[in-house]
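Q: Provided below: entry_27.txt, containing compact mmCIF, C-alpha atoms.
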# COMPACT_ATOMS: atom_id res chain seq x y z
CA MET S 1 0.00 0.00 0.00
CA GLN S 2 1.07 3.57 -0.69
CA VAL S 3 -0.03 5.61 2.30
CA GLU S 4 -0.51 9.36 2.78
CA MET S 5 -1.74 10.89 6.03
CA ALA S 6 -2.50 14.25 7.59
CA GLY S 7 -3.51 15.33 11.08
CA GLU S 8 -4.33 18.48 13.03
CA PRO S 9 -4.98 19.00 16.74
CA GLN S 10 -8.22 20.53 17.92
CA HIS S 11 -6.43 23.86 18.39
CA PRO S 12 -2.91 24.99 17.39
CA GLY S 13 -0.40 24.24 20.13
CA ARG S 14 -2.63 21.64 21.76
CA GLU S 15 -1.53 18.00 21.86
CA SER S 16 -3.59 15.82 19.54
CA GLU S 17 -5.16 12.68 20.97
CA ASP S 18 -5.37 11.10 17.49
CA PHE S 19 -2.66 8.72 16.27
CA ALA S 20 -1.92 7.23 12.86
CA ALA S 21 0.94 5.04 11.65
CA ALA S 22 1.56 2.71 8.73
CA THR S 23 3.86 0.25 7.02
CA PRO S 24 3.50 -0.90 3.39
CA GLU S 25 1.42 -3.83 4.71
CA ALA S 26 -0.64 -2.34 7.53
CA LEU S 27 -2.04 0.87 8.98
CA VAL S 28 -3.69 1.98 12.20
CA LEU S 29 -5.68 5.07 13.17
CA LEU S 30 -6.81 5.78 16.72
CA ASP S 31 -8.91 8.59 18.20
CA GLY S 32 -8.42 9.09 21.92
CA SER S 33 -11.23 9.49 24.43
CA GLY S 34 -10.38 11.14 27.73
CA PRO S 35 -12.38 12.42 30.71
CA PRO S 36 -14.49 15.59 30.66
CA ALA S 37 -12.53 18.78 31.30
CA GLY S 38 -11.46 18.98 34.92
CA ALA S 39 -12.35 15.36 35.72
CA GLU S 40 -9.97 12.67 36.93
CA SER S 41 -9.18 9.61 34.82
CA GLY S 42 -7.42 7.43 37.37
CA CYS S 43 -4.37 7.41 35.04
CA ARG S 44 -1.20 9.41 35.59
CA HIS S 45 -0.15 9.18 31.93
CA GLY S 46 -3.00 10.75 29.99
CA THR S 47 -4.98 9.98 26.85
CA ALA S 48 -2.32 10.95 24.28
CA TRP S 49 0.19 8.61 25.97
CA TYR S 50 -2.32 5.77 25.92
CA VAL S 51 -3.27 6.28 22.27
CA ARG S 52 0.33 6.31 21.08
CA ARG S 53 1.31 3.19 23.01
CA LEU S 54 -1.77 1.30 21.90
CA GLY S 55 -1.23 2.35 18.29
CA VAL S 56 2.41 1.27 18.24
CA HIS S 57 1.64 -2.10 19.85
CA LEU S 58 -1.25 -2.69 17.46
CA LEU S 59 0.82 -1.91 14.36
CA ALA S 60 3.55 -4.25 15.59
CA ARG S 61 1.08 -7.08 16.18
CA LEU S 62 -0.54 -6.60 12.76
CA THR S 63 2.84 -6.89 11.04
CA ASP S 64 4.43 -9.73 13.01
CA ARG S 65 1.49 -11.96 13.99
CA ALA S 66 -0.06 -13.29 10.81
CA ASP S 67 -1.45 -16.17 12.88
CA ARG S 68 -3.73 -13.76 14.78
CA THR S 69 -6.75 -11.99 13.29
CA ALA S 70 -6.83 -8.20 13.27
CA ALA S 71 -9.30 -8.24 16.18
CA GLN S 72 -7.07 -10.62 18.13
CA CYS S 73 -4.12 -8.32 17.45
CA LEU S 74 -6.17 -5.47 18.91
CA ALA S 75 -6.97 -7.53 22.02
CA ASP S 76 -3.26 -8.34 22.42
CA ALA S 77 -2.32 -4.67 22.03
CA ILE S 78 -4.90 -3.59 24.63
CA ALA S 79 -3.48 -6.11 27.11
CA GLU S 80 0.11 -5.05 26.42
CA THR S 81 -0.73 -1.38 26.84
CA ALA S 82 -2.65 -2.02 30.06
CA ALA S 83 0.45 -3.70 31.47
CA LEU S 84 2.47 -0.52 30.84
CA HIS S 85 0.28 1.60 33.13
CA GLY S 86 1.68 0.21 36.37
CA ALA S 87 0.15 -0.02 39.81
CA ARG S 88 -0.34 3.75 40.17
CA CYS S 89 -3.06 3.83 37.50
CA ASP S 90 -6.62 2.77 38.25
CA LEU S 91 -7.66 0.92 35.10
CA ALA S 92 -11.09 0.21 36.56
CA HIS S 93 -11.87 3.93 36.61
CA PRO S 94 -14.74 4.67 34.17
CA ASP S 95 -12.70 7.51 32.64
CA THR S 96 -9.52 5.51 32.10
CA PRO S 97 -7.97 6.58 28.76
CA ALA S 98 -9.55 4.91 25.75
CA ALA S 99 -9.59 5.08 21.97
CA THR S 100 -11.58 4.22 18.89
CA VAL S 101 -9.61 2.11 16.42
CA VAL S 102 -9.20 1.40 12.71
CA ALA S 103 -6.77 -1.45 11.95
CA VAL S 104 -6.05 -2.65 8.40
CA ARG S 105 -3.51 -5.05 6.94
CA ARG S 106 -2.79 -6.79 3.69
CA SER S 107 -3.22 -10.55 3.94
CA GLY S 108 -2.23 -12.26 0.69
CA THR S 109 -4.64 -11.10 -1.99
CA ALA S 110 -7.12 -9.64 0.51
CA LEU S 111 -7.41 -6.72 2.88
CA GLU S 112 -8.32 -7.53 6.49
CA TYR S 113 -9.78 -4.95 8.86
CA ALA S 114 -11.05 -4.40 12.38
CA VAL S 115 -12.90 -1.19 13.35
CA LEU S 116 -13.96 -0.34 16.90
CA GLY S 117 -15.91 2.77 17.85
CA ASP S 118 -16.80 5.81 15.76
CA SER S 119 -13.64 6.17 13.70
CA LEU S 120 -14.27 5.24 10.08
CA LEU S 121 -12.83 2.95 7.44
CA VAL S 122 -14.03 3.84 3.95
CA LEU S 123 -13.33 1.32 1.17
CA HIS S 124 -12.73 2.91 -2.25
CA PRO S 125 -13.79 0.37 -4.90
CA ARG S 126 -12.71 0.34 -8.52
CA ALA S 127 -16.39 0.25 -9.44
CA GLY S 128 -19.52 1.02 -7.47
CA GLU S 129 -20.22 3.00 -4.31
CA PRO S 130 -17.84 3.37 -1.35
CA ARG S 131 -18.42 1.15 1.65
CA VAL S 132 -18.20 2.70 5.12
CA VAL S 133 -17.26 0.57 8.13
CA GLY S 134 -17.60 1.92 11.69
CA GLY S 135 -19.41 4.79 13.33
CA ASP S 136 -22.55 2.72 13.73
CA GLN S 137 -22.57 1.66 17.38
CA PRO S 138 -25.97 2.73 18.71
CA PHE S 139 -26.33 4.65 21.95
CA PRO S 140 -30.01 5.65 22.04
CA ALA S 141 -29.83 6.92 25.61
CA GLY S 142 -27.33 9.58 24.50
CA GLU S 143 -29.35 11.13 21.67
CA LEU S 144 -31.36 13.51 23.87
CA LEU S 145 -28.17 14.61 25.63
CA ARG S 146 -26.47 15.23 22.27
CA ARG S 147 -29.36 17.43 21.17
CA GLN S 148 -29.08 19.40 24.40
CA VAL S 149 -25.40 20.03 23.67
CA ARG S 150 -26.08 21.20 20.14
CA GLU S 151 -28.97 23.44 21.16
CA ALA S 152 -26.97 25.28 23.85
CA ALA S 153 -24.96 28.35 22.87
CA PRO S 154 -21.23 27.66 22.28
CA GLY S 155 -19.14 28.87 25.20
CA SER S 156 -22.14 29.09 27.51
CA PRO S 157 -22.37 27.45 30.95
CA GLU S 158 -25.34 25.49 29.60
CA ARG S 159 -23.20 24.03 26.78
CA ALA S 160 -20.43 23.08 29.23
CA ALA S 161 -22.91 21.41 31.58
CA ALA S 162 -24.57 19.52 28.71
CA LEU S 163 -21.20 18.31 27.42
CA THR S 164 -20.32 17.01 30.86
CA ARG S 165 -23.65 15.18 31.18
CA TYR S 166 -23.19 13.58 27.78
CA ALA S 167 -19.58 12.57 28.43
CA LEU S 168 -20.50 11.00 31.76
CA ALA S 169 -23.40 9.09 30.19
CA VAL S 170 -21.19 7.71 27.41
CA ARG S 171 -18.50 6.63 29.82
CA ALA S 172 -21.00 4.95 32.13
CA ALA S 173 -22.43 2.94 29.22
CA ARG S 174 -19.36 2.12 27.15
CA ASN S 175 -17.94 -1.42 27.27
CA SER S 176 -20.94 -2.50 29.36
CA GLY S 177 -23.22 -3.92 26.69
CA HIS S 178 -25.53 -0.88 27.03
CA GLY S 179 -23.52 1.55 24.90
CA PRO S 180 -20.58 1.84 22.54
CA TRP S 181 -17.52 -0.40 22.71
CA ILE S 182 -14.09 1.20 22.71
CA ALA S 183 -10.49 0.17 23.34
CA ALA S 184 -9.60 0.90 26.98
CA ALA S 185 -8.16 -1.61 29.48
CA LEU S 186 -10.24 -4.72 28.73
CA PRO S 187 -9.05 -6.88 25.79
CA ARG S 188 -12.55 -8.34 25.36
CA ALA S 189 -13.69 -5.03 23.85
CA ALA S 190 -11.93 -6.14 20.65
CA GLU S 191 -14.52 -8.90 20.27
CA HIS S 192 -17.04 -6.18 19.39
CA ALA S 193 -15.01 -4.70 16.52
CA ARG S 194 -16.45 -4.71 13.03
CA THR S 195 -14.25 -7.15 11.11
CA GLY S 196 -13.97 -8.50 7.60
CA THR S 197 -11.85 -9.13 4.52
CA VAL S 198 -12.08 -7.60 1.05
CA PRO S 199 -10.34 -8.77 -2.16
CA LEU S 200 -7.63 -6.32 -3.08
CA ALA S 201 -8.37 -6.73 -6.78
CA GLY S 202 -11.63 -4.81 -6.38
CA LEU S 203 -10.16 -1.89 -4.42
CA ARG S 204 -8.67 1.33 -5.69
CA GLY S 205 -7.77 2.36 -2.17
CA LEU S 206 -9.11 3.01 1.31
CA ALA S 207 -9.39 5.82 3.83
CA ALA S 208 -9.27 5.85 7.62
CA LEU S 209 -10.63 8.90 9.43
CA SER S 210 -11.10 10.03 13.00
CA ASP S 211 -14.52 11.57 13.62
CA GLY S 212 -13.00 15.05 13.41
CA ALA S 213 -12.04 14.34 9.78
CA GLY S 214 -15.22 12.39 9.04
CA ARG S 215 -17.10 15.65 9.63
CA TYR S 216 -16.45 16.44 5.97
CA VAL S 217 -19.33 14.10 5.10
CA ASP S 218 -21.18 13.21 8.30
CA LEU S 219 -21.62 16.59 9.97
CA LEU S 220 -20.68 19.38 7.56
CA GLY S 221 -22.03 17.80 4.38
CA LEU S 222 -19.26 19.26 2.22
CA GLY S 223 -19.60 16.25 -0.07
CA GLY S 224 -20.46 12.58 -0.08
CA TRP S 225 -18.04 9.73 0.32
CA PRO S 226 -17.30 9.51 -3.43
CA GLU S 227 -16.26 13.17 -3.36
CA ALA S 228 -14.23 12.75 -0.15
CA LEU S 229 -12.35 9.77 -1.56
CA ALA S 230 -11.70 11.50 -4.88
CA LEU S 231 -10.39 14.54 -3.01
CA MET S 232 -8.00 12.49 -0.89
CA ALA S 233 -6.86 10.38 -3.84
CA GLY S 234 -6.24 13.46 -5.98
CA SER S 235 -5.10 16.19 -3.58
CA GLY S 236 -4.26 14.24 -0.41
CA PRO S 237 -5.82 13.96 3.03
CA GLY S 238 -4.45 17.38 3.97
CA GLU S 239 -6.82 19.04 1.53
CA LEU S 240 -9.81 17.31 3.11
CA LEU S 241 -8.74 18.57 6.53
CA ALA S 242 -8.21 22.09 5.16
CA ARG S 243 -11.78 22.18 3.89
CA VAL S 244 -13.12 20.89 7.20
CA ARG S 245 -11.21 23.60 9.08
CA ALA S 246 -12.41 26.31 6.69
CA ALA S 247 -16.03 25.28 7.19
CA GLU S 248 -15.62 25.18 10.97
CA ALA S 249 -13.98 28.62 10.95
CA SER S 250 -16.90 30.03 8.97
CA ASP S 251 -19.33 28.89 11.70
CA PRO S 252 -17.64 29.64 15.05
CA ARG S 253 -20.97 29.70 16.93
CA CYS S 254 -22.07 26.32 15.58
CA GLU S 255 -25.25 27.84 14.16
CA ARG S 256 -25.10 26.54 10.59
CA TRP S 257 -23.77 23.15 11.69
CA PRO S 258 -24.84 22.40 15.29
CA ARG S 259 -22.07 20.40 16.97
CA GLY S 260 -20.65 19.70 20.41
CA LYS S 261 -17.19 21.08 19.59
CA VAL S 262 -16.36 23.92 17.23
CA ARG S 263 -13.27 21.92 16.20
CA ASP S 264 -11.93 18.48 17.06
CA ASP S 265 -8.69 16.59 16.58
CA ALA S 266 -8.78 15.49 12.94
CA THR S 267 -6.72 12.80 11.22
CA ALA S 268 -7.18 11.27 7.78
CA VAL S 269 -5.23 8.49 6.04
CA TYR S 270 -5.55 7.49 2.39
CA ALA S 271 -3.91 4.32 1.08
CA ARG S 272 -3.68 3.23 -2.53
CA THR S 273 -3.85 -0.52 -2.90
CA PRO S 274 -1.73 -2.41 -5.45
As structure tokens, what does this structure read like?

A:
Amino acid sequence: MQVEMAGEPQHPGRESEDFAAATPEALVLLDGSGPPAGAESGCRHGTAWYVRRLGVHLLARLTDRADRTAAQCLADAIAETAALHGARCDLAHPDTPAATVVAVRRSGTALEYAVLGDSLLVLHPRAGEPRVVGGDQPFPAGELLRRQVREAAPGSPERAAALTRYALAVRAARNSGHGPWIAAALPRAAEHARTGTVPLAGLRGLAALSDGAGRYVDLLGLGGWPEALALMAGSGPGELLARVRAAEASDPRCERWPRGKVRDDATAVYARTP
């Protein structure tokens, strides 16, 4: 695979909690999930530390353990990263650092994938419509809270309070069977990843996006997935992120496009398949 990637933090000078890395045979993209602002996580390392360690371990497992499926590699990487925390971190804390995951590798004449959480894998076929994997874990109990966030004025105490309520509800439900599954400290979360294989012969390429980059289609409606893939294939993932940032900057009060955050960490990867 020929891989091109681009990433931007939520705000200049702020550490991104996204992570992407690749070899010619495999790629990973992770989007970190930390506690609400001002809340404790039980971890002395932080979300960015967790995401980078998990991403590196996952890429290593994908490339050196052909006997393990992509989901099993994710479970192994979660266990290995949990062991790095040490006794001073409370991994049972509901806000322990976590991440959504896209993992892809070439396996003979096929492409194997595992996707966990709301990051996206978009398959770019040689013919026909793109196929989107991920971002479809239902959390019905959170929909009312999400609307309350979007309806509150950006920067207002009401928006901050609604964001906190939503974040706490998600974290209480995740990895419990009553909400979304995400990579945190329990390897069994990998069992809930969307997995599959696709013949390479039918693929022009593929894209992996954190939800901050997926806004191009899902939230901002700047184009559909065919347009997003054509843009990344032709001008690179950086151009997609530039258009997302321009749209966000044109709507600083979240009036045209109601959203919980004006901006988010955004990472996009595009890989051309042989």

Q: Using all atoms listed in the file, find the one residue out of S:Arg188, S:His93, S:Arg215, S:Arg165 that sits nearest to Ile78 (chain S).

A: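 Comparing S:Arg188, S:His93, S:Arg215, S:Arg165 against Ile78 (chain S), the winner is S:Arg188.
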
Q: Measure the distance from CA of Trp257 (chain S) to CA of Gly155 (chain S) in Å and round it to one decimal.

A: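 CA of Gly155 (chain S) lies 15.4 Å from CA of Trp257 (chain S).
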
Q: From the options S:Ala6, S:Val217, S:Ala141, S:Leu91, which residue's atoms come nearest to Ala173 (chain S), counting only C-alpha atoms?

A: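 Selected residue with least distance to Ala173 (chain S): S:Ala141.
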
Q: Please determine an axis-aligned box that encloses all atoms of region 184-196 of chain S listed in the file, with 3 Å added on each side, and express its centre and edge lengths in Å to one decimal as AutoDock Vina command-line options.

A:
--center_x -12.6 --center_y -4.0 --center_z 18.5 --size_x 14.9 --size_y 15.8 --size_z 27.9

Q: For Arg105 (chain S), which residue out of S:Leu200, S:Gly260, S:Gly34, S:Ala190 is the nearest one, using all atoms listed in the file?

A: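 Ranked by minimum distance to Arg105 (chain S), first place goes to S:Leu200.
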
Q: If you take all atoms listed in the file and a cut-off of 7 Å, which residues of region 107-173 of chain S touch region 51-74 of chain S, and what are their nearest atom pairs and distances in Å to one decimal, in chain and number order, as a Markdown table?

A:
| residue | atom | partner | partner_atom | distance |
| --- | --- | --- | --- | --- |
| S:Glu112 | CA | S:Ala70 | CA | 7.0 |
| S:Tyr113 | CA | S:Ala70 | CA | 6.2 |
| S:Ala114 | CA | S:Ala71 | CA | 5.7 |

Q: Restricting the calculation to all atoms listed in the file: of S:Val262, S:Leu27, S:Leu206, S:Leu120, which residue gets closest to Ala103 (chain S)?

A: S:Leu27

Q: Between S:Gly42, S:Gly224, S:Gly214, S:Gly236, which has the minimum distance to Thr267 (chain S) (counting all atoms listed in the file)?

A: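 Between S:Gly42, S:Gly224, S:Gly214, S:Gly236, the residue approaching Thr267 (chain S) most closely is S:Gly214.
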
Q: I'd like to know which of S:Leu222, S:Ala162, S:Ala21, S:Leu84 is closest to Val102 (chain S), using all atoms listed in the file.

A: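 Closest to Val102 (chain S) of all the choices is S:Ala21.
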
Q: Rounded to one decimal, what separation in Å do you get between CA of Ser176 (chain S) and CA of Arg194 (chain S)?

A: 17.1 Å

Q: I'd like the contact shell of Arg263 (chain S) - 8 Å cut-off, all atoms listed in the file, skipping same-chain residues fewer than 3 positions apart - returned as a ChimeraX atom specification.

A: /S:10-11,212,245,248

Q: Residues near Arg159 (chain S), anyone? I mean within 10 Å using all atoms listed in the file, not counting same-chain ones fewer than 3 positions away, as a VMD selection string.

A: chain S and resid 148 to 156 162 to 165 260 to 261

Q: Which protein, DNA or RNA residues have an atom at most 12 Å from (-9.3, -6.5, -11.5), counting all atoms listed in the file? List them as an mmCIF file with C-alpha atoms, keeping the file's coordinate frame.

A:
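So part10.cif came out as:
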data_model
loop_
_atom_site.group_PDB
_atom_site.id
_atom_site.type_symbol
_atom_site.label_atom_id
_atom_site.label_comp_id
_atom_site.auth_asym_id
_atom_site.auth_seq_id
_atom_site.Cartn_x
_atom_site.Cartn_y
_atom_site.Cartn_z
ATOM 1 C CA THR S 109 -4.640 -11.100 -1.990
ATOM 2 C CA PRO S 125 -13.790 0.370 -4.900
ATOM 3 C CA ARG S 126 -12.710 0.340 -8.520
ATOM 4 C CA ALA S 127 -16.390 0.250 -9.440
ATOM 5 C CA PRO S 199 -10.340 -8.770 -2.160
ATOM 6 C CA LEU S 200 -7.630 -6.320 -3.080
ATOM 7 C CA ALA S 201 -8.370 -6.730 -6.780
ATOM 8 C CA GLY S 202 -11.630 -4.810 -6.380
ATOM 9 C CA LEU S 203 -10.160 -1.890 -4.420
ATOM 10 C CA ARG S 204 -8.670 1.330 -5.690
ATOM 11 C CA THR S 273 -3.850 -0.520 -2.900
ATOM 12 C CA PRO S 274 -1.730 -2.410 -5.450
#

Q: Excluding Gly135 (chain S) and residues on its chain fewer than 6 positions from it, collect all residues at most 9 Å away from it, counting all atoms listed in the file, and give them as a VMD selection string.

A: chain S and resid 115 to 120 211

Q: Write the residues of the selection above to a file with C-alpha atoms, as a PDB file, in the frame of the given file.

A:
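Generated file (part17.pdb):
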ATOM      1  CA  VAL S 115     -12.900  -1.190  13.350  1.00  0.00           C
ATOM      2  CA  LEU S 116     -13.960  -0.340  16.900  1.00  0.00           C
ATOM      3  CA  GLY S 117     -15.910   2.770  17.850  1.00  0.00           C
ATOM      4  CA  ASP S 118     -16.800   5.810  15.760  1.00  0.00           C
ATOM      5  CA  SER S 119     -13.640   6.170  13.700  1.00  0.00           C
ATOM      6  CA  LEU S 120     -14.270   5.240  10.080  1.00  0.00           C
ATOM      7  CA  ASP S 211     -14.520  11.570  13.620  1.00  0.00           C
TER       8      ASP S 211
END

Q: Could you state the separation of CA of Leu241 (chain S) and CA of Leu220 (chain S) in Å, given to one decimal place?

A: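 These two atoms are separated by 12.0 Å.
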